[in-house]
Structure formats: C-alpha cells, structure tokens
Amino acid sequence: MKMKQKLIATAALLSAATGFTAPVQAEVAATIGVSNMYYWRGFDLGGGAALIGDVNVSSNGFIAGLWTSSGDGTLGTEYDIYGGYSGKVDDFTYGVSLVSYNYANPKTESGEAINPGDYVEIIPTIGYGPFKLTYYDAISAEVAPLDNKDYSYMTAELIFTKFAFKYGQHMTKDGSGLDGVSFLDATYKYNDKLSFTVSKVIDDGNYDPITKKHAAPDEAHFVVNLTLPIE
C-alpha cells in the first residue's frame with residue numbers, strides 16, 4: 001500500500017532526526033464497503049443498503065481511526081471515532097478499545113446531534129485460539145435515545161479461516177429495553193472481501209404489556225458484506 005510505505009519512510013526519517021536508532025513503523029489502512037442492510041447486534045436498523053468507510057493508523061499494537069456508515073433508519077448517517085490496543089502471547093489474545101458513536105443529524109423527535117463523547121463504550125476482549133470473548137460497556141450516555149449507562153452487550157465467538165459463529169446478548173441493569181435479547185450469527189467468509197451472515201434471534205427479551213410486544217422481533221436476517229481496500 002502506497003500510504004503505508006510513505007508513512008513508514010516518514011517515521012524512519014523522524015526517528016533518525018531525533019536520535020532514535022530504531023524506526024517507528026506505522027501503517028495506514030483504508031477501506032470502503034457496502035452491505036445489504038445496516039446490521040447491528042442481531043438487528044436490521046432499517047434504511048436499506050448501507051455504505052461503509054473506514055480509515056485507521058496502527059503501530060505496535062495501537063490503533064486509532066474513523067468509521068462511518070449510512071443506512072440507519074432512525075439515527076441517520078453515523079461516524080465513529082475509535083482507538084485501542086491489542087496484543088498476543090502464543091495462542092492467547094487480548095485488547096481494549098474506546099469507541100465514540102456520533103450522529104450529526106439523527107432522525108429523532110428532538111433532532112439533537114450526538115457528538116463525540118456523548119455516547120462512548122469501552123470494549124475489552126480476550127481470546128484463546130479460535131475462541132474470543134468481547135464485552136461492550138456504555139461509560140458515557142448523554143443524549144437520547146442513547147442515554148442508558150446501564151446498557152452493556154457481550155459476544156462469544158468461534159473464528160475459523162472460512163467460518164465464524166457468534167453468540168450475542170444485550171443486557172441492562174434495570175431489566176428494561178433490550179435486556180435479555182440474544183441471537184446467533186453464522187458467517188461464511190468467501191474471501192478477504194466478501195462474506196455472508198445468517199443471524200437468528202433466539203431470545204426476544206422481555207414482554208411489554210403496554211405495547212404487547214417483545215423487545216426484539218423473533219426473525220432471521222441474511223447479511224451480505226463487500227469490503228474493498230483503498231490503495
């Protein structure tokens with residue numbers, strides 16, 4: 001990648017100029033993609049097909065970047081700012097990241113923008129071999145409808161070369177909203193660019209006697225993702 005080569009060369013020159021003997025290598029990566037739906041944690045968020053873009057810089061296990069997507073039928077175009085660190089010791093993997101979820105023009109009654117820092121999750125992860133466990137905890141939730149600091153979410157995954165299986169569960173401390181909703185994903189990775197996912201809600205959560213509905217529709221989704229690198 002041309003951007004990667006330029007950044008490595010620049011980092012090496014800066015390292016030499018400041019007296020360090022070892023160059024600092026950083027990699028810039030960018031992708032653009034499309035999905036047949038905005039698929040989020042077992043749900044189709046509406047809005048039809050979603051366009052997705054991502055650009056990040058990484059070095060020595062650290063990463064920071066910007067991710068954006070269209071297609072959310074309620075909150076509109078999304079841009080996420082993230083940063084984190086990950087490492088590996090033999091077959092054991094670990095990491096932690098922070099993500100700020102942002103929406104400039106949400107399609108809500110108030111229309112109030114969700115700005116950087118308004119809704120933030122901390123996301124630790126551990127794994128061994130093909131198994132991976134990830135926990136998402138809301139540490140900042142300042143603007144409706146993303147105003148529940150009691151919300152958390154976890155996934156347990158088995159990740160192989162071509163196939164991946166994921167169990168996900170939503171949780172809230174007060175038992176409201178999506179509490180108890182869980183689902184299973186099965187993904188087939190055709191190649192590095194194209195993947196197919198079948199998702200099924202296996203627990204539709206609490207029953208609301210007022211709306212006479214469960215927290216989630218008991219339905220299946222078929223998701224197609226195409227991702228292309230920008231070089």
# chains A, B, ... in the order shown; residues from 1 in each chain; ligands from 1

$ select_by_dssp --residues "segment 15-176 of chain A" --states "strand (DSSP E)" --output "ChimeraX atom specification"
/A:27-35,39-40,43-44,50-59,62-69,78-89,92-103,119-128,131-141,151-159,163-172

$ residues_around --residues "Leu51 of chain A" --least-positions-apart "5" --cutoff "12 Å" --atoms "only C-alpha atoms" --output "ChimeraX atom specification"
/A:31-39,67-72,76-79,225-228

$ write_last_selection --atoms "C-alpha atoms" --output "mmCIF file, in the first residue's frame"
data_model
loop_
_atom_site.group_PDB
_atom_site.id
_atom_site.type_symbol
_atom_site.label_atom_id
_atom_site.label_comp_id
_atom_site.auth_asym_id
_atom_site.auth_seq_id
_atom_site.Cartn_x
_atom_site.Cartn_y
_atom_site.Cartn_z
ATOM 1 C CA THR A 31 -11.484 0.505 3.150
ATOM 2 C CA ILE A 32 -14.833 1.145 1.543
ATOM 3 C CA GLY A 33 -17.699 -1.296 1.570
ATOM 4 C CA VAL A 34 -21.387 -1.977 1.111
ATOM 5 C CA SER A 35 -23.907 -4.166 2.917
ATOM 6 C CA ASN A 36 -27.469 -5.063 2.010
ATOM 7 C CA MET A 37 -28.597 -3.737 5.419
ATOM 8 C CA TYR A 38 -27.327 -1.883 8.478
ATOM 9 C CA TYR A 39 -26.868 -4.939 10.664
ATOM 10 C CA TRP A 67 -15.501 4.542 10.753
ATOM 11 C CA THR A 68 -18.634 5.790 9.001
ATOM 12 C CA SER A 69 -21.837 4.289 7.654
ATOM 13 C CA SER A 70 -25.172 5.231 6.147
ATOM 14 C CA GLY A 71 -28.295 3.145 6.399
ATOM 15 C CA ASP A 72 -29.522 3.630 9.980
ATOM 16 C CA GLY A 76 -29.102 8.546 10.177
ATOM 17 C CA THR A 77 -25.512 8.729 8.980
ATOM 18 C CA GLU A 78 -23.057 7.578 11.639
ATOM 19 C CA TYR A 79 -19.385 8.302 12.214
ATOM 20 C CA ASN A 225 -20.885 -7.621 3.151
ATOM 21 C CA LEU A 226 -18.441 -6.486 0.471
ATOM 22 C CA THR A 227 -15.306 -4.632 1.596
ATOM 23 C CA LEU A 228 -12.598 -3.263 -0.677
#

$ residues_around --residues "Ile126 of chain A" --least-positions-apart "3" --cutoff "9 Å" --atoms "only C-alpha atoms" --output "list of chain:residue names"
A:Phe92, A:Thr93, A:Tyr94, A:Gly95, A:Val96, A:Phe131, A:Lys132, A:Leu133, A:Thr134

$ residues_around --residues "Ala215 of chain A" --least-positions-apart "4" --cutoff "9 Å" --atoms "only C-alpha atoms" --output "PDB file with N, CA and C atoms, in the first residue's frame"
ATOM      1  N   SER A 176     -34.718  -3.234  31.533  1.00  0.00           N
ATOM      2  CA  SER A 176     -35.561  -2.542  30.556  1.00  0.00           C
ATOM      3  C   SER A 176     -34.981  -2.675  29.153  1.00  0.00           C
ATOM      4  N   GLY A 177     -35.719  -2.138  28.185  1.00  0.00           N
ATOM      5  CA  GLY A 177     -35.215  -2.062  26.820  1.00  0.00           C
ATOM      6  C   GLY A 177     -34.897  -3.416  26.221  1.00  0.00           C
ATOM      7  N   LEU A 178     -33.648  -3.572  25.759  1.00  0.00           N
ATOM      8  CA  LEU A 178     -33.238  -4.791  25.064  1.00  0.00           C
ATOM      9  C   LEU A 178     -32.768  -5.885  26.010  1.00  0.00           C
ATOM     10  N   ASP A 179     -32.960  -5.717  27.290  1.00  0.00           N
ATOM     11  CA  ASP A 179     -32.438  -6.681  28.253  1.00  0.00           C
ATOM     12  C   ASP A 179     -32.886  -8.111  27.927  1.00  0.00           C
ATOM     13  N   GLY A 180     -31.912  -9.006  27.857  1.00  0.00           N
ATOM     14  CA  GLY A 180     -32.212 -10.405  27.623  1.00  0.00           C
ATOM     15  C   GLY A 180     -32.279 -10.822  26.172  1.00  0.00           C
ATOM     16  N   VAL A 181     -32.272  -9.863  25.245  1.00  0.00           N
ATOM     17  CA  VAL A 181     -32.311 -10.213  23.826  1.00  0.00           C
ATOM     18  C   VAL A 181     -30.978 -10.859  23.435  1.00  0.00           C
ATOM     19  N   ASP A 204     -36.200 -13.303  22.467  1.00  0.00           N
ATOM     20  CA  ASP A 204     -36.702 -11.994  22.056  1.00  0.00           C
ATOM     21  C   ASP A 204     -36.913 -11.030  23.213  1.00  0.00           C
ATOM     22  N   GLY A 205     -36.413 -11.375  24.400  1.00  0.00           N
ATOM     23  CA  GLY A 205     -36.392 -10.429  25.504  1.00  0.00           C
ATOM     24  C   GLY A 205     -37.708 -10.294  26.248  1.00  0.00           C
ATOM     25  N   ASN A 206     -37.779  -9.231  27.049  1.00  0.00           N
ATOM     26  CA  ASN A 206     -38.924  -9.006  27.916  1.00  0.00           C
ATOM     27  C   ASN A 206     -40.188  -8.657  27.127  1.00  0.00           C
ATOM     28  N   TYR A 207     -41.322  -9.057  27.658  1.00  0.00           N
ATOM     29  CA  TYR A 207     -42.611  -8.736  27.054  1.00  0.00           C
ATOM     30  C   TYR A 207     -43.161  -7.472  27.692  1.00  0.00           C
ATOM     31  N   ASP A 208     -43.523  -6.491  26.846  1.00  0.00           N
ATOM     32  CA  ASP A 208     -44.082  -5.224  27.326  1.00  0.00           C
ATOM     33  C   ASP A 208     -45.604  -5.322  27.293  1.00  0.00           C
TER      34      ASP A 208
END

$ residues_around --residues "segment 98-109 of chain A" --least-positions-apart "4" --cutoff "8 Å" --atoms "only C-alpha atoms" --output "PyMOL selection string"
chain A and resi 73-84+113-123

$ write_last_selection --atoms "N, CA and C atoms" --output "CSV table (one decimal), in the first residue's frame"
chain,number,residue,atom,x,y,z
A,73,GLY,N,-31.9,3.7,9.9
A,73,GLY,CA,-33.2,4.3,9.6
A,73,GLY,C,-33.7,5.3,10.7
A,74,THR,N,-33.1,5.2,11.9
A,74,THR,CA,-33.5,6.1,12.9
A,74,THR,C,-32.6,7.3,13.2
A,75,LEU,N,-31.3,6.9,13.4
A,75,LEU,CA,-30.3,7.9,13.7
A,75,LEU,C,-29.6,8.5,12.6
A,76,GLY,N,-29.7,8.0,11.4
A,76,GLY,CA,-29.1,8.5,10.2
A,76,GLY,C,-27.6,8.2,10.0
A,77,THR,N,-26.9,9.0,9.3
A,77,THR,CA,-25.5,8.7,9.0
A,77,THR,C,-24.7,8.8,10.3
A,78,GLU,N,-23.8,7.8,10.4
A,78,GLU,CA,-23.1,7.6,11.6
A,78,GLU,C,-21.6,7.7,11.3
A,79,TYR,N,-20.8,8.3,12.3
A,79,TYR,CA,-19.4,8.3,12.2
A,79,TYR,C,-18.8,8.0,13.6
A,80,ASP,N,-18.0,7.0,13.7
A,80,ASP,CA,-17.4,6.5,15.0
A,80,ASP,C,-15.9,6.9,15.0
A,81,ILE,N,-15.5,7.4,16.2
A,81,ILE,CA,-14.1,7.6,16.4
A,81,ILE,C,-13.6,6.6,17.4
A,82,TYR,N,-12.5,5.9,17.1
A,82,TYR,CA,-12.1,4.8,18.0
A,82,TYR,C,-10.6,4.7,18.1
A,83,GLY,N,-10.2,4.1,19.2
A,83,GLY,CA,-8.8,3.9,19.5
A,83,GLY,C,-8.6,2.7,20.4
A,84,GLY,N,-7.5,2.0,20.4
A,84,GLY,CA,-7.3,0.9,21.2
A,84,GLY,C,-6.0,0.2,21.1
A,113,ALA,N,-28.1,16.5,17.9
A,113,ALA,CA,-26.9,15.8,17.4
A,113,ALA,C,-26.3,15.0,18.5
A,114,ILE,N,-25.7,13.8,18.2
A,114,ILE,CA,-24.9,13.1,19.2
A,114,ILE,C,-23.5,13.2,18.8
A,115,ASN,N,-22.8,14.0,19.6
A,115,ASN,CA,-21.4,14.5,19.3
A,115,ASN,C,-20.4,13.6,20.0
A,116,PRO,N,-19.1,13.7,19.5
A,116,PRO,CA,-18.0,12.9,20.2
A,116,PRO,C,-18.0,13.1,21.7
A,117,GLY,N,-18.0,12.0,22.4
A,117,GLY,CA,-18.0,12.0,23.8
A,117,GLY,C,-19.4,11.8,24.4
A,118,ASP,N,-20.5,12.0,23.6
A,118,ASP,CA,-21.8,11.8,24.2
A,118,ASP,C,-22.2,10.4,24.5
A,119,TYR,N,-21.8,9.5,23.6
A,119,TYR,CA,-22.1,8.1,23.8
A,119,TYR,C,-20.8,7.3,23.5
A,120,VAL,N,-20.2,6.7,24.5
A,120,VAL,CA,-18.9,6.1,24.4
A,120,VAL,C,-19.0,4.7,25.1
A,121,GLU,N,-18.4,3.7,24.4
A,121,GLU,CA,-18.3,2.3,25.0
A,121,GLU,C,-16.8,2.0,25.2
A,122,ILE,N,-16.5,1.3,26.3
A,122,ILE,CA,-15.2,0.7,26.5
A,122,ILE,C,-15.4,-0.8,26.2
A,123,ILE,N,-14.4,-1.4,25.4
A,123,ILE,CA,-14.6,-2.7,24.9
A,123,ILE,C,-13.4,-3.5,25.1

$ closest_residue --among "A:Leu184, A:Ala220, A:Ala64, A:Met154" --to "Tyr135 of chain A" --atoms "only C-alpha atoms"
A:Met154

$ atom_distance --atom1 "atom CA of Asp174 of chain A" --atom2 "atom CA of Val143 of chain A"
18.7 Å

$ residues_around --residues "Phe222 of chain A" --least-positions-apart "5" --cutoff "8 Å" --atoms "only C-alpha atoms" --output "NGL selection string"
:A and (196-199)

$ closest_residue --among "A:Thr155, A:Thr172, A:Gln25, A:Asn148" --to "Tyr136 of chain A" --atoms "only C-alpha atoms"
A:Thr155

$ residues_around --residues "Gly61 of chain A" --least-positions-apart "6" --cutoff "10 Å" --atoms "only C-alpha atoms" --output "ChimeraX atom specification"
/A:26,84-88,95

$ closest_residue --among "A:Glu231, A:His170, A:His221, A:Ala30" --to "Ile52 of chain A" --atoms "only C-alpha atoms"
A:Ala30
